[in-house]
Amino acid sequence: MDGRRETPFTRTAKEAIRRIPRGRVATYGQIAALAGRAGAARGVAWILHSSSEAAGLPWHRVINVRGGISLPRGRGFEEQKKRLAAEGVAVGRDGQVDLKRYQWEPAEGAAARSAAARKFLRDFLESPSIFRSEGRGRRRAR
């Protein structure tokens, strides 16, 4: 996508994705929060789908909130797994990555850019899971 036509969210999300170091992963939601829109994980997926190759983004370092590769087998799963393994990230047969071991923790300065990023990181660090065990998609009661 032409940089002049990108939204501020797209530009900021791409910057966050570029900062994920080799051997680390981030979740779609984590990138969305760092870009100032905590609920926009699908927007991050769209950015990666539409411009990762042209923009030179390390798309393989972004995984889902459960620590898994979201791409289907035969449509990018194997490539993402291979790229992560080449960077030293252990990926299980099922595409799972140990987030406690490999999740990128941005420097406080980067995370402090937006209230959404600070809230995401605070919530994430306070709880091992942001979903209730009863069902996917329901936020934990506070």
# chains A, B, ... in the order shown; residues from 1 in each chain; ligands from 1
>>> residues_around(residues="segment 9-13 of chain A", least_positions_apart="3", cutoff="8 Å", atoms="only C-alpha atoms", output="ChimeraX atom specification")
/A:3,6,16-17,31-32,34-37,44,47
>>> select_by_dssp(residues="segment 11-120 of chain A", states="alpha helix (DSSP H)", output="PyMOL selection string")
chain A and resi 11-19+28-34+41-55+77-86+99-102+108-111+115-120
>>> residues_around(residues="segment 93-109 of chain A", least_positions_apart="5", cutoff="10 Å", atoms="only C-alpha atoms", output="PyMOL selection string")
chain A and resi 16+19-27+30+34+61-73+77-78+80-81+84+88+118+121+128
>>> select_by_dssp(residues="segment 6-129 of chain A", states="strand (DSSP E)", output="ChimeraX atom specification")
/A:26-27,62-63
